[in-house]
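*Asks:* Have a look at this one before I ask anything.
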Amino acid sequence: MAARKQNSTYTRNETSLSECDLSYAINKIGGRWKLQILSMLNNKKLRFTELKKEFSFITERMLSLQLRALEQDGLVKRTVYAEVPPRVEYELTETALELWPILDQLSSWGGKQRSLTKQL
């Protein structure tokens, strides 16, 4: 695959967007499943199979990828226990818990907007 030109419009736009704090934050929680996963992990630890049961419509591969991305971004903590069979639990980090009031407000706003849209 060819390297992208450093002076291309795409590269300049990408650099500009990554310097915006709001775009950076949205990039960390954006995606189809990340907010739902964060919501399920709020105030509890869950194993992979428990998360999979909650999201029966998501593939195991996609769930793994989303959990890995959230872990790399410091929002989810993965704990592996040395047992047979191995046990892995996921929980929110302090960083994600700090984000929670903002997500709660965003959820309230979304509910309000959804109900207003249904009334039209």
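All residue names refer to the structure tokens as shown: chains lettered A, B, ... in order, residues numbered from 1 in each chain, ligands numbered from 1 in order.
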Using DSSP secondary structure from the backbone, list all helix (DSSP H, G or I) positions within chain A, as a VMD selection string.

*Replies:* chain A and resid 9 to 18 21 to 29 34 to 40 48 to 54 60 to 72 94 to 119

*Asks:* What's around range 51-63 of chain A at 9 Å? Count only C-alpha atoms, leave out sequence neighbours fewer than 5 positions away in its own chain, and write the answer as a list in words.

*Replies:*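 Answer for this query is Trp33, Gln36, Ile37, Met40, Leu41, Leu46 and Arg68 of chain A.
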
*Asks:* What's the 10 Å shell around range 98-106 of chain A, counting only C-alpha atoms, without same-chain residues fewer than 5 positions away, as a list of chain:residue names?

*Replies:*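 These residues fall inside the cut-off: A:Ala25, A:Ile29, A:Leu35, A:Leu38, A:Ser39, A:Asn42, A:Leu75, A:Leu92, A:Thr93, A:Gly111, A:Lys112.
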
*Asks:* What separation in Å, quoted to one decimal, exists between CA of Asp21 in chain A and CA of Leu65 in chain A?

*Replies:* 24.1 Å

*Asks:* Fewer than 4 positions away in the same chain doesn't count, so skip those; otherwise give me all residues within 12 Å of Pro86 in chain A, counting only C-alpha atoms, as a PyMOL selection string.

*Replies:* chain A and resi 47-48+79-82

*Asks:* Take the selection from the previous step and output its residues with C-alpha atoms, as an mmCIF file, in the first residue's frame.

*Replies:*
data_model
loop_
_atom_site.group_PDB
_atom_site.id
_atom_site.type_symbol
_atom_site.label_atom_id
_atom_site.label_comp_id
_atom_site.auth_asym_id
_atom_site.auth_seq_id
_atom_site.Cartn_x
_atom_site.Cartn_y
_atom_site.Cartn_z
ATOM 1 C CA ARG A 47 -17.258 -11.334 31.670
ATOM 2 C CA PHE A 48 -17.023 -11.567 27.895
ATOM 3 C CA THR A 79 -8.543 -8.468 34.320
ATOM 4 C CA VAL A 80 -7.389 -12.011 33.578
ATOM 5 C CA TYR A 81 -7.537 -14.543 36.420
ATOM 6 C CA ALA A 82 -5.122 -17.479 36.422
#
